[in-house]
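**Q** Let me begin by handing over the structure; questions about it come next.
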Number of protein chains: 2
Amino acid sequence: MQKSLSVYDSDGSTFAPLVVIELVSETKEEAIAWLLNRVRDKQQDGGDGDGFLSMAECQYIIKHELDNLRAKDEAHVPGYPKMKLYPGKSVIRRMQSKGILVQVFPLHEKEELKRLSFSWFKKIKLSFQPLDDIRHYFGEGMALYFGFLEYFTLALIPMALIGIPYYLFDWEDYDKFTVFAGFNLVWCTVILELWKRLSASLAYGWGTLSRKKAFEEPRPGFHGVLGVNPVTGRAEPLYSNAKRQLRIYLVSVPFVLLCLYLSLYVMMIYFDMEGWALMIHDEEPTFWTGLLLFIPSIIYAVVIEIMNLIYRYAAEFLTGWENHRLESTFQNHLVLKVLVFNFFNCFASLFYIAFVMQDMVLLRQSLATLLITSQILNQIMEAFLPYWLQRRRNKKAHKRMIKTMEDKELPLSEQVKLEADMSTYLGTFDDYLELFLLFGYVSLFSCVYPLAAVLVVLNNVTEVYSDAFKMCKVFKRPFSEPAANIGVWQLAFEAMSVIAVVTNCALIGMSPKVKSYFPESETQLILWVVGFEHFLLASKFILTFVIPDVPKHIQIKLSRLEFESLEALKKRVKHFGKDKLQNLG
Amino acid sequence: MQKSLSVYDSDGSTFAPLVVIELVSETKEEAIAWLLNRVRDKQQDGGDGDGFLSMAECQYIIKHELDNLRAKDEAHVPGYPKMKLYPGKSVIRRMQSKGILVQVFPLHEKEELKRLSFSWFKKIKLSFQPLDDIRHYFGEGMALYFGFLEYFTLALIPMALIGIPYYLFDWEDYDKFTVFAGFNLVWCTVILELWKRLSASLAYGWGTLSRKKAFEEPRPGFHGVLGVNPVTGRAEPLYSNAKRQLRIYLVSVPFVLLCLYLSLYVMMIYFDMEGWALMIHDEEPTFWTGLLLFIPSIIYAVVIEIMNLIYRYAAEFLTGWENHRLESTFQNHLVLKVLVFNFFNCFASLFYIAFVMQDMVLLRQSLATLLITSQILNQIMEAFLPYWLQRRRNKKAHKRMIKTMEDKELPLSEQVKLEADMSTYLGTFDDYLELFLLFGYVSLFSCVYPLAAVLVVLNNVTEVYSDAFKMCKVFKRPFSEPAANIGVWQLAFEAMSVIAVVTNCALIGMSPKVKSYFPESETQLILWVVGFEHFLLASKFILTFVIPDVPKHIQIKLSRLEFESLEALKKRVKHFGKDKLQNLG
């Protein structure tokens, strides 16, 4: 059915296959021969890296080389006169977009995977995750995600511990939440600062901390009129920035605004449903009408999830259509679009209940329902659905795969076929997005529903296991990405923590207890709360400056590295001078 | 009276003297001989740099080498058994602190100086400053200061243009200031963002933009117990961080707080005086009692300036005593101390009048008096006082110096004597501080006194001339500092612009016109103003992210540089590989 060729099979000896390139079955022989030749040319340029590099690093290098396999003087793909090429065009990308090349993916390594799964999720005992092993197998980007997930869960535990007695003893005492809101304020600032330091320690250990960003090539999907790149001087598609700005401001921005309006509209329907349920319950309160009260929130939570999902695809399509030249710009625009909508979609109703309706009972009920429903849905969508789909798709093959994982003596061709059929992991984006929303629920409103932290801890513990499981068993092995930090997500979480400060201050100002301190004048109360909030925001920014992002001991190591390289340079320069003198004398 | 030796006089031929080291007159011969030897040893290590480097750069290199002239195995300064040395101790610093070495300073170059002064401040016609020439003669740090001064003045002109008719026609109409406050808000955000881009363009032209920070040696004044530096492995004085923190939190912080309290106390005395003057005026209003109303503000302004001056020295002493290892940390702590106090000292009374007393007439009067008095005092203190002092000190020598500037054929020894007696320029700190306070007056309160911008523009125009004059005629030539931006001052100005947003929003909220929109509820008004302010602050931060700090065309040039160095590296690696093969074959 499909033809597979592996990059490193040219010498015929025993070797560990790293990456698979899958072509459609009827591919012409001359195209295959040509592609093989071009890949081998590349191969002779680079080193082999046996043993010196981790497997994830080798695969990253191969990925990079394949992405940069560019047409030289070929006018078209051999055997396919209609598939035009021009010097500098990415070969893999053209073959992929024209449908000859099905996919490129790295292979799982059974032995390593077995060891990793065992230390990661197969043993029951409570322990930290094997981040170094994860990094070795999946690369730094993935390891940082799991490191962050673990850190976030641990950071939530004090919150959860305070939340439980709070929840148990003060269920109906809305006044007490000021203490919790105050704790919330400090918590969300401190944990993000500490994470930066932890992340720097991890990245230092993996050697990616002071990594200079590689020179960015245009992303594979980028297209335009052939021109000369002003930086490299190479022939390359160029796309006018003005056109891109027009697309962004005339299409993307209105689209996002329209979606926000739709979300607002759905929210209003939810409030109507809520009022209708309340009316029925008030007319003749029974157990069943009590249950009915939760139905609107559950439906709304499901609708929110569906809207998020649809919007996610629309945003990806739109951002691709904006035709950004670099992958990093593409990612930034995508993240911005998705974050704005998801934030609005998930939290608008809660803000409305809290500050316009000022109904703390409804806020608590709505928050709890949203949180629990979305967690359940997420677990289903993320781990069980792909697993189940795949199971259904090829029950037979799957059985063989399960066997493979235990029995390592399956022939290579079988393994490649099996893995080619596994789902593709689309990157850490959705996983971070989920954590971001959970962080929002906890940091914004957990003072009115202290159990939120407990629920999120429980969710995260299962999340660790289901994410680990899906990475090892459900998905094709993803290409690894070197990373020094969690990138744009650090910024997103910090923005959320600023919003959390504002929200919690407002909630504190609305509590009856605080109000009772200013019985004569509401103006005085508001001015005090606003003053307090400004003070907190200022402290937050000062804290961000004062706490160093890199721990002291790592700073010293980095400076030593810098100093030593400077000294080596000095010696080299002196040496060079002497050599010159000898040549002259 | 004093013995002078110049670093580069060893070969006796004609040469351009760059730096002067002044020793006290009774210095022992053996110490002089030893120092000369040590300096010459250093000299042989380095290159000469004729023609390739600008004069400012040569002097910077000599300064750096002199600062890093460290004792090897000398136990003491030859001839002075009591002046102990240990390996690694800075020789120049020890000789300076023990009083043998009076000063080290670079020499003015008459021809260059003449040309520079002519294009800078001698011609009357309106033109931009010769930033490139300033940079060539005084280095990038100074050129950036003058560039910023010029930019700030130009940026104020629209403000001043709006201010004049405003002032002329709406003198008593307090309502109209909301428009001006709104303009203020946008103005102070935008100009700082644009300055970053302009500064990047300047620094790119001077080659300092992508300059990596040099490895920082301990600052000369740093002392401690001899130990091993964990980074360099060298013997070096170490000072425990805990001790330093104790000094900061137990001495410096209480001292700053005490000073703030004193400043508050003085402010209260000012308000008493103000009330007393008003009482006299109200009893029997004449022209003279009308004048009397301004007296308290004038006295207060003078007192503020004196307090700032005294505090400035105290802060420098305290920060030195805190014993920071690096010059950059020292500077940060000094700037922080001085900024906090100066901000409080200058603006506390205005904030009090605006928001506690809510007396806009007094605010306007107080602001005008403070601004005008402090400008006059500053001009006197900065340019005329040093000039006059020096004139008095050595009238004769000064006459000769004035002659020197015209007549270039004065013998070198005479020139050195003359320049050694000129005052020492203490760096751009005080100049930036003055601009910072002026920026504060304009951005915080100019909506109630629109002439403020006009006054500051006038002040800045004279400031350019008096600063240029003092750099060329009054002060010894300072050592140049390479710089890529205005450093910590960018941050300080941005912090001020955030405070300006908050202040202007509050002023808008207090205006009778805005109040009249919410006749029924003060709470509504405050909530709207706070909401508006949060929206503005959020936009400000988003703007800071969205506007790139480096203009596009310079980004392209930088990427090309990076790309070309990468390509060169690739070639080198290939070449290296071939060489290796040839060696093997």
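Residue numbers start at 1 in each chain; chains themselves are named A, B, ... in the order of the structure tokens; ligands are numbered from 1 in the order shown.
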Just need the residues of chain B within 8 Å of chain A, counting only C-alpha atoms, so spit them out as a compact mmCIF listing (two decimals) with N, CA, C and O atoms, in the first residue's frame.
**A**
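The resulting selection.txt:
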```
# COMPACT_ATOMS: atom_id res chain seq x y z
N PHE B 215 33.64 41.26 30.12
CA PHE B 215 33.70 40.57 31.39
C PHE B 215 34.04 41.59 32.47
O PHE B 215 35.04 42.28 32.39
N PRO B 230 35.30 32.39 42.56
CA PRO B 230 34.82 31.11 42.02
C PRO B 230 34.75 31.10 40.49
O PRO B 230 34.73 30.05 39.88
N VAL B 231 34.72 32.26 39.86
CA VAL B 231 34.62 32.31 38.41
C VAL B 231 36.00 32.24 37.76
O VAL B 231 36.26 31.39 36.92
N THR B 232 36.90 33.14 38.18
CA THR B 232 38.18 33.21 37.49
C THR B 232 39.24 32.32 38.12
O THR B 232 40.27 32.06 37.51
N GLU B 522 -20.79 59.15 42.62
CA GLU B 522 -19.35 59.31 42.57
C GLU B 522 -18.68 57.94 42.33
O GLU B 522 -17.65 57.85 41.69
N THR B 523 -19.31 56.89 42.86
CA THR B 523 -18.77 55.54 42.70
C THR B 523 -18.64 55.18 41.22
O THR B 523 -17.62 54.66 40.78
N ILE B 526 -15.67 56.94 39.68
CA ILE B 526 -14.37 56.35 40.02
C ILE B 526 -14.16 55.05 39.28
O ILE B 526 -13.09 54.78 38.74
N LEU B 527 -15.21 54.21 39.22
CA LEU B 527 -15.08 52.92 38.52
C LEU B 527 -14.73 53.14 37.06
O LEU B 527 -13.88 52.43 36.50
N VAL B 530 -11.09 54.30 36.85
CA VAL B 530 -10.17 53.19 37.11
C VAL B 530 -10.15 52.22 35.93
O VAL B 530 -9.08 51.77 35.51
N ILE B 556 17.46 43.99 9.68
CA ILE B 556 17.93 43.26 8.49
C ILE B 556 19.44 43.26 8.44
O ILE B 556 20.08 42.23 8.21
N LYS B 557 20.03 44.45 8.71
CA LYS B 557 21.50 44.52 8.68
C LYS B 557 22.12 43.61 9.72
O LYS B 557 23.12 42.94 9.47
N SER B 559 20.78 40.86 11.00
CA SER B 559 20.63 39.46 10.62
C SER B 559 21.63 39.11 9.53
O SER B 559 22.15 37.99 9.51
N ARG B 560 21.88 40.07 8.63
CA ARG B 560 22.84 39.76 7.58
C ARG B 560 24.22 39.52 8.17
O ARG B 560 24.91 38.58 7.80
N GLU B 562 24.84 38.42 11.12
CA GLU B 562 24.81 37.13 11.80
C GLU B 562 24.93 36.01 10.78
O GLU B 562 25.69 35.06 10.95
N PHE B 563 24.17 36.14 9.68
CA PHE B 563 24.17 35.12 8.64
C PHE B 563 25.56 34.97 8.04
O PHE B 563 26.08 33.87 7.87
N GLU B 564 26.19 36.13 7.76
CA GLU B 564 27.51 36.07 7.13
C GLU B 564 28.55 35.45 8.05
O GLU B 564 29.41 34.69 7.61
```
**Q** Over all C-alpha atoms, paired in order, superpose chain A onto chain B by least squares and report how large the RMSD is in Å.
**A**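 Answer to one decimal place: 0.1 Å.
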**Q** For Gln96 of chain A, work out the shell of residues within 10 Å, counting only C-alpha atoms and skipping chain neighbours fewer than 6 positions away, then give it as number ranges by chain.
**A** A: 22-23, 102-104
**Q** What's the 12 Å shell around Ser210 of chain B, counting only C-alpha atoms, without same-chain residues fewer than 2 positions away, as a list in words?
**A**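 What passes the distance filter is Ala200, Ser201, Leu202, Ala203, Tyr204, Gly205, Trp206, Gly207, Thr208, Lys212, Lys213, Ala214, Pro482, Ala483, Ala484, Asn485, Val550, Ile554, Gln555, Lys557, Leu558, Ser559, Leu561 and Glu562 of chain B.
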**Q** For the structure I just gave you, how does DSSP split segment 152-346 of chain B - specifically, which residues are helix (DSSP H, G or I)? Reply as a ChimeraX atom specification.
**A** /B:152-169,174-206,241-283,287-292,295-321,327-346
**Q** Taking only C-alpha atoms into account, name the residue in A:Tyr166, A:Tyr311, A:Phe384, A:Phe479 that is nearest to Pro450 of chain A.
**A**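 Between A:Tyr166, A:Tyr311, A:Phe384, A:Phe479, the residue approaching Pro450 of chain A most closely is A:Tyr166.
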